[in-house]
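Next comes input_32.txt, with compact mmCIF, N, CA and C atoms.
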# COMPACT_ATOMS: atom_id res chain seq x y z
N MET P 70 0.85 -1.18 0.00
CA MET P 70 0.00 0.00 0.00
C MET P 70 0.89 1.24 0.00
N THR P 71 0.54 2.20 -0.84
CA THR P 71 1.29 3.44 -0.94
C THR P 71 0.48 4.57 -0.34
N ALA P 72 1.12 5.36 0.50
CA ALA P 72 0.45 6.52 1.08
C ALA P 72 0.77 7.74 0.23
N ALA P 73 -0.21 8.60 0.04
CA ALA P 73 0.00 9.81 -0.74
C ALA P 73 -0.89 10.92 -0.21
N LEU P 74 -0.40 12.13 -0.34
CA LEU P 74 -1.13 13.31 0.10
C LEU P 74 -0.97 14.38 -0.97
N LYS P 75 -2.05 15.07 -1.31
CA LYS P 75 -2.00 16.17 -2.27
C LYS P 75 -2.29 17.47 -1.55
N LEU P 76 -1.61 18.52 -1.98
CA LEU P 76 -1.89 19.87 -1.51
C LEU P 76 -2.42 20.67 -2.69
N HIS P 77 -3.63 21.18 -2.56
CA HIS P 77 -4.24 22.06 -3.55
C HIS P 77 -4.11 23.46 -2.98
N LEU P 78 -3.63 24.41 -3.78
CA LEU P 78 -3.22 25.70 -3.24
C LEU P 78 -3.60 26.84 -4.18
N ALA P 79 -4.11 27.93 -3.62
CA ALA P 79 -4.37 29.16 -4.37
C ALA P 79 -3.55 30.27 -3.73
N ILE P 80 -2.74 30.93 -4.55
CA ILE P 80 -1.84 31.97 -4.06
C ILE P 80 -2.12 33.27 -4.82
N ASN P 81 -2.11 34.39 -4.11
CA ASN P 81 -2.15 35.69 -4.75
C ASN P 81 -0.75 35.95 -5.27
N LEU P 82 -0.57 35.96 -6.59
CA LEU P 82 0.76 36.09 -7.18
C LEU P 82 1.35 37.48 -7.00
N VAL P 83 0.52 38.47 -6.72
CA VAL P 83 1.02 39.83 -6.50
C VAL P 83 1.59 39.96 -5.09
N SER P 84 0.82 39.52 -4.09
CA SER P 84 1.25 39.68 -2.70
C SER P 84 1.98 38.45 -2.15
N GLY P 85 1.79 37.30 -2.78
CA GLY P 85 2.38 36.07 -2.28
C GLY P 85 1.56 35.41 -1.17
N ALA P 86 0.42 35.99 -0.84
CA ALA P 86 -0.41 35.46 0.24
C ALA P 86 -1.15 34.20 -0.21
N VAL P 87 -1.22 33.22 0.69
CA VAL P 87 -2.01 32.02 0.44
C VAL P 87 -3.47 32.39 0.65
N LYS P 88 -4.29 32.18 -0.39
CA LYS P 88 -5.71 32.53 -0.31
C LYS P 88 -6.59 31.34 0.06
N TRP P 89 -6.12 30.14 -0.26
CA TRP P 89 -6.91 28.93 -0.02
C TRP P 89 -5.99 27.72 -0.14
N PHE P 90 -6.24 26.70 0.67
CA PHE P 90 -5.53 25.44 0.50
C PHE P 90 -6.39 24.30 1.01
N GLN P 91 -6.09 23.11 0.50
CA GLN P 91 -6.81 21.92 0.93
C GLN P 91 -5.89 20.72 0.74
N PHE P 92 -5.83 19.87 1.75
CA PHE P 92 -5.12 18.60 1.65
C PHE P 92 -6.13 17.51 1.30
N THR P 93 -5.74 16.61 0.41
CA THR P 93 -6.60 15.47 0.08
C THR P 93 -5.74 14.22 -0.01
N GLU P 94 -6.41 13.07 -0.01
CA GLU P 94 -5.71 11.82 -0.26
C GLU P 94 -5.16 11.85 -1.68
N GLY P 95 -4.08 11.13 -1.91
CA GLY P 95 -3.47 11.10 -3.23
C GLY P 95 -4.38 10.59 -4.31
N SER P 96 -5.35 9.78 -3.96
CA SER P 96 -6.26 9.20 -4.95
C SER P 96 -7.41 10.15 -5.33
N THR P 97 -7.56 11.27 -4.63
CA THR P 97 -8.63 12.22 -4.93
C THR P 97 -8.33 12.94 -6.24
N HIS P 98 -9.30 12.95 -7.15
CA HIS P 98 -9.09 13.63 -8.43
C HIS P 98 -9.04 15.14 -8.21
N ASP P 99 -8.10 15.80 -8.88
CA ASP P 99 -7.91 17.24 -8.71
C ASP P 99 -9.17 18.04 -8.96
N SER P 100 -9.99 17.61 -9.92
CA SER P 100 -11.18 18.38 -10.28
C SER P 100 -12.19 18.51 -9.14
N ARG P 101 -12.05 17.70 -8.11
CA ARG P 101 -12.96 17.77 -6.96
C ARG P 101 -12.58 18.87 -5.98
N CYS P 102 -11.43 19.50 -6.19
CA CYS P 102 -10.93 20.51 -5.26
C CYS P 102 -10.64 21.80 -6.03
N PHE P 103 -11.33 22.85 -5.69
CA PHE P 103 -11.10 24.13 -6.34
C PHE P 103 -11.60 25.22 -5.41
N PRO P 104 -10.87 26.33 -5.29
CA PRO P 104 -11.29 27.38 -4.37
C PRO P 104 -12.54 28.09 -4.86
N GLY P 105 -13.18 28.81 -3.96
CA GLY P 105 -14.30 29.65 -4.36
C GLY P 105 -13.82 30.71 -5.34
N LEU P 106 -14.66 31.11 -6.25
CA LEU P 106 -14.26 32.06 -7.28
C LEU P 106 -14.38 33.49 -6.79
N MET P 107 -13.44 34.33 -7.24
CA MET P 107 -13.45 35.76 -6.89
C MET P 107 -13.38 36.57 -8.18
N ALA P 108 -14.21 37.59 -8.27
CA ALA P 108 -14.22 38.47 -9.44
C ALA P 108 -12.84 39.09 -9.65
N GLY P 109 -12.39 39.13 -10.89
CA GLY P 109 -11.12 39.76 -11.23
C GLY P 109 -9.90 38.89 -11.03
N ALA P 110 -10.08 37.70 -10.45
CA ALA P 110 -8.94 36.82 -10.18
C ALA P 110 -8.48 36.13 -11.47
N LEU P 111 -7.21 35.76 -11.50
CA LEU P 111 -6.65 34.96 -12.59
C LEU P 111 -6.34 33.59 -12.02
N TYR P 112 -6.97 32.55 -12.57
CA TYR P 112 -6.76 31.18 -12.14
C TYR P 112 -5.85 30.48 -13.14
N ILE P 113 -4.73 29.96 -12.65
CA ILE P 113 -3.78 29.22 -13.48
C ILE P 113 -3.77 27.79 -12.94
N PHE P 114 -4.12 26.83 -13.79
CA PHE P 114 -4.18 25.46 -13.30
C PHE P 114 -3.87 24.46 -14.40
N ASP P 115 -3.57 23.24 -13.97
CA ASP P 115 -3.19 22.16 -14.86
C ASP P 115 -4.42 21.38 -15.31
N LEU P 116 -4.20 20.42 -16.18
CA LEU P 116 -5.31 19.65 -16.76
C LEU P 116 -6.15 18.89 -15.74
N GLY P 117 -5.58 18.56 -14.61
CA GLY P 117 -6.35 17.84 -13.59
C GLY P 117 -7.56 18.62 -13.10
N TYR P 118 -7.51 19.94 -13.19
CA TYR P 118 -8.61 20.80 -12.73
C TYR P 118 -9.51 21.22 -13.89
N TRP P 119 -9.22 20.73 -15.08
CA TRP P 119 -9.91 21.16 -16.30
C TRP P 119 -11.37 20.76 -16.27
N SER P 120 -12.23 21.73 -16.59
CA SER P 120 -13.67 21.48 -16.66
C SER P 120 -14.30 22.60 -17.48
N ALA P 121 -15.03 22.25 -18.52
CA ALA P 121 -15.71 23.26 -19.33
C ALA P 121 -16.66 24.08 -18.46
N GLN P 122 -17.37 23.44 -17.56
CA GLN P 122 -18.28 24.16 -16.67
C GLN P 122 -17.51 25.12 -15.77
N ARG P 123 -16.33 24.72 -15.32
CA ARG P 123 -15.51 25.61 -14.48
C ARG P 123 -15.13 26.86 -15.27
N PHE P 124 -14.77 26.71 -16.54
CA PHE P 124 -14.43 27.87 -17.36
C PHE P 124 -15.63 28.81 -17.49
N ILE P 125 -16.79 28.25 -17.67
CA ILE P 125 -18.02 29.06 -17.76
C ILE P 125 -18.25 29.79 -16.44
N ASP P 126 -18.11 29.08 -15.33
CA ASP P 126 -18.30 29.69 -14.01
C ASP P 126 -17.30 30.82 -13.77
N ILE P 127 -16.05 30.61 -14.15
CA ILE P 127 -15.02 31.64 -13.98
C ILE P 127 -15.39 32.87 -14.80
N GLY P 128 -15.81 32.67 -16.04
CA GLY P 128 -16.23 33.79 -16.88
C GLY P 128 -17.43 34.52 -16.32
N ASN P 129 -18.40 33.78 -15.80
CA ASN P 129 -19.59 34.40 -15.21
C ASN P 129 -19.24 35.23 -13.98
N GLU P 130 -18.16 34.86 -13.30
CA GLU P 130 -17.72 35.57 -12.09
C GLU P 130 -16.85 36.77 -12.45
N LYS P 131 -16.67 37.03 -13.75
CA LYS P 131 -15.83 38.13 -14.24
C LYS P 131 -14.38 37.93 -13.82
N ALA P 132 -13.96 36.67 -13.81
CA ALA P 132 -12.58 36.31 -13.51
C ALA P 132 -11.94 35.76 -14.79
N PHE P 133 -10.70 35.33 -14.70
CA PHE P 133 -9.94 34.88 -15.85
C PHE P 133 -9.26 33.56 -15.54
N PHE P 134 -8.88 32.81 -16.58
CA PHE P 134 -8.17 31.56 -16.36
C PHE P 134 -7.10 31.35 -17.42
N LEU P 135 -6.11 30.56 -17.05
CA LEU P 135 -5.04 30.15 -17.96
C LEU P 135 -4.81 28.67 -17.69
N SER P 136 -4.95 27.86 -18.73
CA SER P 136 -4.79 26.43 -18.58
C SER P 136 -4.36 25.83 -19.90
N ARG P 137 -3.67 24.72 -19.83
CA ARG P 137 -3.46 23.95 -21.05
C ARG P 137 -4.82 23.42 -21.47
N ILE P 138 -4.91 23.04 -22.73
CA ILE P 138 -6.18 22.46 -23.19
C ILE P 138 -5.98 20.99 -23.51
N LYS P 139 -7.06 20.27 -23.46
CA LYS P 139 -7.02 18.86 -23.82
C LYS P 139 -6.75 18.73 -25.32
N THR P 140 -5.97 17.75 -25.71
CA THR P 140 -5.57 17.61 -27.11
C THR P 140 -6.74 17.32 -28.03
N ILE P 141 -7.83 16.77 -27.52
CA ILE P 141 -8.97 16.44 -28.37
C ILE P 141 -9.91 17.63 -28.57
N LEU P 142 -9.62 18.75 -27.92
CA LEU P 142 -10.51 19.90 -27.93
C LEU P 142 -10.27 20.78 -29.16
N LYS P 143 -11.35 21.28 -29.75
CA LYS P 143 -11.27 22.24 -30.84
C LYS P 143 -11.89 23.54 -30.34
N LEU P 144 -11.09 24.59 -30.31
CA LEU P 144 -11.55 25.87 -29.77
C LEU P 144 -11.76 26.90 -30.87
N THR P 145 -12.69 27.80 -30.62
CA THR P 145 -12.90 28.96 -31.47
C THR P 145 -12.83 30.20 -30.58
N VAL P 146 -11.93 31.11 -30.89
CA VAL P 146 -11.81 32.34 -30.11
C VAL P 146 -12.90 33.29 -30.57
N THR P 147 -13.73 33.70 -29.63
CA THR P 147 -14.83 34.61 -29.95
C THR P 147 -14.60 36.00 -29.39
N LYS P 148 -13.67 36.13 -28.43
CA LYS P 148 -13.46 37.41 -27.79
C LYS P 148 -12.10 37.40 -27.12
N ALA P 149 -11.36 38.49 -27.23
CA ALA P 149 -10.10 38.66 -26.52
C ALA P 149 -10.31 39.69 -25.43
N VAL P 150 -9.84 39.41 -24.23
CA VAL P 150 -10.04 40.29 -23.08
C VAL P 150 -8.74 41.01 -22.78
N MET P 151 -8.74 42.32 -22.96
CA MET P 151 -7.53 43.10 -22.73
C MET P 151 -7.52 43.75 -21.35
N SER P 152 -8.62 43.67 -20.62
CA SER P 152 -8.69 44.34 -19.32
C SER P 152 -7.92 43.59 -18.23
N LEU P 153 -7.42 42.40 -18.51
CA LEU P 153 -6.71 41.62 -17.50
C LEU P 153 -5.49 42.37 -16.99
N ILE P 154 -4.74 43.01 -17.86
CA ILE P 154 -3.55 43.75 -17.45
C ILE P 154 -3.94 44.87 -16.49
N ARG P 155 -5.00 45.59 -16.80
CA ARG P 155 -5.46 46.66 -15.90
C ARG P 155 -5.89 46.09 -14.55
N THR P 156 -6.57 44.96 -14.56
CA THR P 156 -7.02 44.33 -13.32
C THR P 156 -5.84 43.94 -12.44
N LEU P 157 -4.81 43.34 -13.04
CA LEU P 157 -3.63 42.94 -12.27
C LEU P 157 -2.89 44.16 -11.71
N LYS P 158 -2.81 45.23 -12.47
CA LYS P 158 -2.16 46.45 -11.97
C LYS P 158 -2.93 47.04 -10.79
N GLN P 159 -4.25 47.01 -10.86
CA GLN P 159 -5.06 47.52 -9.76
C GLN P 159 -4.86 46.68 -8.51
N GLU P 160 -4.78 45.37 -8.67
CA GLU P 160 -4.56 44.46 -7.53
C GLU P 160 -3.20 44.75 -6.88
N LYS P 161 -2.21 45.03 -7.69
CA LYS P 161 -0.87 45.29 -7.18
C LYS P 161 -0.86 46.56 -6.31
N ARG P 162 -1.68 47.55 -6.65
CA ARG P 162 -1.73 48.81 -5.90
C ARG P 162 -2.38 48.64 -4.54
N ARG P 163 -3.17 47.58 -4.34
CA ARG P 163 -3.89 47.39 -3.06
C ARG P 163 -2.99 47.01 -1.95
Show this structure as C-alpha cells.
Amino acid sequence: MTAALKLHLAINLVSGAVKWFQFTEGSTHDSRCFPGLMAGALYIFDLGYWSAQRFIDIGNEKAFFLSRIKTILKLTVTKAVMSLIRTLKQEKRR
C-alpha cells in the first residue's frame, strides 16, 4: 500500500499570500478541489482541474483563467479580453 497526500493551493501572485488550501488523499481527483471564485482573479491550473463548466463559471464571475487544453478539444476564439492587465495592476496597488 502506498500513502499519498495532495496539496491544492491558491496563491495571490502579486502579494504572495495564500488565499486557499486543501489537503486530500493522493487518490482524490484534482477536479474535486477548487477554491471559491473571486471576481477579477486569474486562475492558473493544470489539466487535472480542467472542466468546461468551471471555465463558464469563472467567466460568469468576471474572472480569468489560464490552462493547457485537452488535445482532443477544438476551440474557437470569440473574444479577446484586454482588461486583465489593468485588473492585475489595480490588484498590485492594493
Quiz item: Counting only N, CA and C atoms, which of P:Lys148, P:Arg101, P:Lys131, P:Arg155 gets nearest to Gly117 in chain P?
Solution: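 Of P:Lys148, P:Arg101, P:Lys131, P:Arg155, the one nearest Gly117 in chain P is P:Arg101, counting only N, CA and C atoms.
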Quiz item: How far is it from atom C of Asn81 in chain P to atom C of Arg123 in chain P, in Å with one decimal?
Solution: 19.7 Å
Quiz item: Which of these residues is nearest to Gly109 in chain P, using only N, CA and C atoms: P:Ala121, P:Val83, P:Ile141, P:Leu157?
Solution: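 Checking each of P:Ala121, P:Val83, P:Ile141, P:Leu157 against Gly109 in chain P, counting only N, CA and C atoms, the winner is P:Leu157.
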Which centre and which edge lengths, in Å to one decimal, describe the axis-aligned box that holds all listed atoms of range 113-126 of chain P after 5 Å is added on each side, as JSON?
{"center_x": -10.7, "center_y": 24.3, "center_z": -16.0, "size_x": 25.1, "size_y": 23.0, "size_z": 16.7}
Quiz item: Can you list, as a list of chain:residue names, every residue of range 124-160 of chain P that DSSP puts in strand (DSSP E or B)?
Solution: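 Result set for range 124-160 of chain P (strand (DSSP E or B)): P:Phe133, P:Phe134, P:Leu135, P:Ser136.
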Atoms kept (N, CA and C atoms) for selection, written as a PDB file, in the frame of the given file:
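Produced file selection.pdb, reproduced below:
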ATOM      1  N   PHE P 133     -10.700  35.330 -14.700  1.00  0.00           N
ATOM      2  CA  PHE P 133      -9.940  34.880 -15.850  1.00  0.00           C
ATOM      3  C   PHE P 133      -9.260  33.560 -15.540  1.00  0.00           C
ATOM      4  N   PHE P 134      -8.880  32.810 -16.580  1.00  0.00           N
ATOM      5  CA  PHE P 134      -8.170  31.560 -16.360  1.00  0.00           C
ATOM      6  C   PHE P 134      -7.100  31.350 -17.420  1.00  0.00           C
ATOM      7  N   LEU P 135      -6.110  30.560 -17.050  1.00  0.00           N
ATOM      8  CA  LEU P 135      -5.040  30.150 -17.960  1.00  0.00           C
ATOM      9  C   LEU P 135      -4.810  28.670 -17.690  1.00  0.00           C
ATOM     10  N   SER P 136      -4.950  27.860 -18.730  1.00  0.00           N
ATOM     11  CA  SER P 136      -4.790  26.430 -18.580  1.00  0.00           C
ATOM     12  C   SER P 136      -4.360  25.830 -19.900  1.00  0.00           C
TER      13      SER P 136
END
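Here the DSSP assignment of helix (DSSP H, G or I), based on backbone atoms, applies within chain P to P:Asp99, P:Ser100, P:Arg101, P:Leu116, P:Gly117, P:Tyr118, P:Ala121, P:Gln122, P:Arg123, P:Phe124, P:Ile125, P:Asp126, P:Ile127, P:Gly128, P:Asn129, P:Ser152, P:Leu153, P:Ile154, P:Arg155, P:Thr156, P:Leu157, P:Lys158, P:Gln159, P:Glu160, P:Lys161, P:Arg162.
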Exercise. Counting all atoms listed in the file, figure out which residue out of P:Asp99, P:Asn129, P:Lys143, P:Lys161 gets nearest to Ser84 in chain P.
Key: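 Result for the nearest residue to Ser84 in chain P: P:Lys161.
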Practice problem: Just the residues within 12 Å of Leu82 in chain P, please, counting only C-alpha atoms, with nothing from its chain fewer than 5 positions along; format it as a list of chain:residue names. | Solution: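 The filter keeps P:Val87, P:Lys88, P:Ala110, P:Leu111, P:Tyr112, P:Ile113, P:Leu157, P:Lys158, P:Glu160, P:Lys161.
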Practice problem: Rank P:Ser136, P:Ser120, P:Thr145, P:Thr71 by their smallest atom-to-atom distance to Ser100 in chain P, using only C-alpha atoms, and report the top residue only. | Solution: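 For Ser100 in chain P, the nearest of the candidates is P:Ser120.
Minimum atom-to-atom distance to Phe92 in chain P, evaluated using all atoms listed in the file, belongs to P:Leu78 out of P:Asp115, P:Gln159, P:Ala72, P:Leu78.
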Quiz item: Expressed in Å to a single decimal, how great is the separation between atom N of Phe90 in chain P and atom C of Leu106 in chain P?
Solution: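 Atom-to-atom, atom N of Phe90 in chain P to atom C of Leu106 in chain P, that is 13.0 Å.
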Quiz item: If we count only N, CA and C atoms, what is near Lys75 in chain P at a cut-off of 7 Å, once residues fewer than 4 positions away on the same chain are taken out, given as a PyMOL selection string?
Solution: chain P and resi 91-96
Using the structure just given, write a file holding C-alpha atoms for range 110-157 of chain P, as a PDB file, in the first residue's frame.
ATOM      1  CA  ALA P 110      -8.942  36.817 -10.179  1.00  0.00           C
ATOM      2  CA  LEU P 111      -6.652  34.964 -12.588  1.00  0.00           C
ATOM      3  CA  TYR P 112      -6.759  31.181 -12.135  1.00  0.00           C
ATOM      4  CA  ILE P 113      -3.784  29.215 -13.475  1.00  0.00           C
ATOM      5  CA  PHE P 114      -4.180  25.458 -13.299  1.00  0.00           C
ATOM      6  CA  ASP P 115      -3.188  22.163 -14.861  1.00  0.00           C
ATOM      7  CA  LEU P 116      -5.313  19.655 -16.764  1.00  0.00           C
ATOM      8  CA  GLY P 117      -6.352  17.839 -13.592  1.00  0.00           C
ATOM      9  CA  TYR P 118      -8.606  20.804 -12.732  1.00  0.00           C
ATOM     10  CA  TRP P 119      -9.910  21.158 -16.300  1.00  0.00           C
ATOM     11  CA  SER P 120     -13.669  21.482 -16.660  1.00  0.00           C
ATOM     12  CA  ALA P 121     -15.712  23.264 -19.327  1.00  0.00           C
ATOM     13  CA  GLN P 122     -18.281  24.162 -16.671  1.00  0.00           C
ATOM     14  CA  ARG P 123     -15.506  25.606 -14.478  1.00  0.00           C
ATOM     15  CA  PHE P 124     -14.428  27.869 -17.364  1.00  0.00           C
ATOM     16  CA  ILE P 125     -18.017  29.061 -17.756  1.00  0.00           C
ATOM     17  CA  ASP P 126     -18.302  29.690 -14.006  1.00  0.00           C
ATOM     18  CA  ILE P 127     -15.023  31.642 -13.980  1.00  0.00           C
ATOM     19  CA  GLY P 128     -16.231  33.792 -16.883  1.00  0.00           C
ATOM     20  CA  ASN P 129     -19.585  34.398 -15.208  1.00  0.00           C
ATOM     21  CA  GLU P 130     -17.717  35.566 -12.094  1.00  0.00           C
ATOM     22  CA  LYS P 131     -15.833  38.133 -14.239  1.00  0.00           C
ATOM     23  CA  ALA P 132     -12.584  36.313 -13.506  1.00  0.00           C
ATOM     24  CA  PHE P 133      -9.937  34.885 -15.854  1.00  0.00           C
ATOM     25  CA  PHE P 134      -8.166  31.555 -16.365  1.00  0.00           C
ATOM     26  CA  LEU P 135      -5.044  30.147 -17.965  1.00  0.00           C
ATOM     27  CA  SER P 136      -4.790  26.427 -18.581  1.00  0.00           C
ATOM     28  CA  ARG P 137      -3.456  23.953 -21.049  1.00  0.00           C
ATOM     29  CA  ILE P 138      -6.177  22.463 -23.189  1.00  0.00           C
ATOM     30  CA  LYS P 139      -7.020  18.856 -23.824  1.00  0.00           C
ATOM     31  CA  THR P 140      -5.573  17.613 -27.105  1.00  0.00           C
ATOM     32  CA  ILE P 141      -8.974  16.444 -28.369  1.00  0.00           C
ATOM     33  CA  LEU P 142     -10.507  19.901 -27.932  1.00  0.00           C
ATOM     34  CA  LYS P 143     -11.271  22.241 -30.845  1.00  0.00           C
ATOM     35  CA  LEU P 144     -11.547  25.873 -29.771  1.00  0.00           C
ATOM     36  CA  THR P 145     -12.902  28.965 -31.472  1.00  0.00           C
ATOM     37  CA  VAL P 146     -11.805  32.339 -30.113  1.00  0.00           C
ATOM     38  CA  THR P 147     -14.830  34.611 -29.951  1.00  0.00           C
ATOM     39  CA  LYS P 148     -13.458  37.411 -27.790  1.00  0.00           C
ATOM     40  CA  ALA P 149     -10.096  38.656 -26.524  1.00  0.00           C
ATOM     41  CA  VAL P 150     -10.044  40.288 -23.080  1.00  0.00           C
ATOM     42  CA  MET P 151      -7.533  43.105 -22.730  1.00  0.00           C
ATOM     43  CA  SER P 152      -8.691  44.338 -19.318  1.00  0.00           C
ATOM     44  CA  LEU P 153      -6.708  41.625 -17.498  1.00  0.00           C
ATOM     45  CA  ILE P 154      -3.553  43.749 -17.445  1.00  0.00           C
ATOM     46  CA  ARG P 155      -5.463  46.660 -15.900  1.00  0.00           C
ATOM     47  CA  THR P 156      -7.019  44.326 -13.317  1.00  0.00           C
ATOM     48  CA  LEU P 157      -3.628  42.942 -12.267  1.00  0.00           C
TER      49      LEU P 157
END
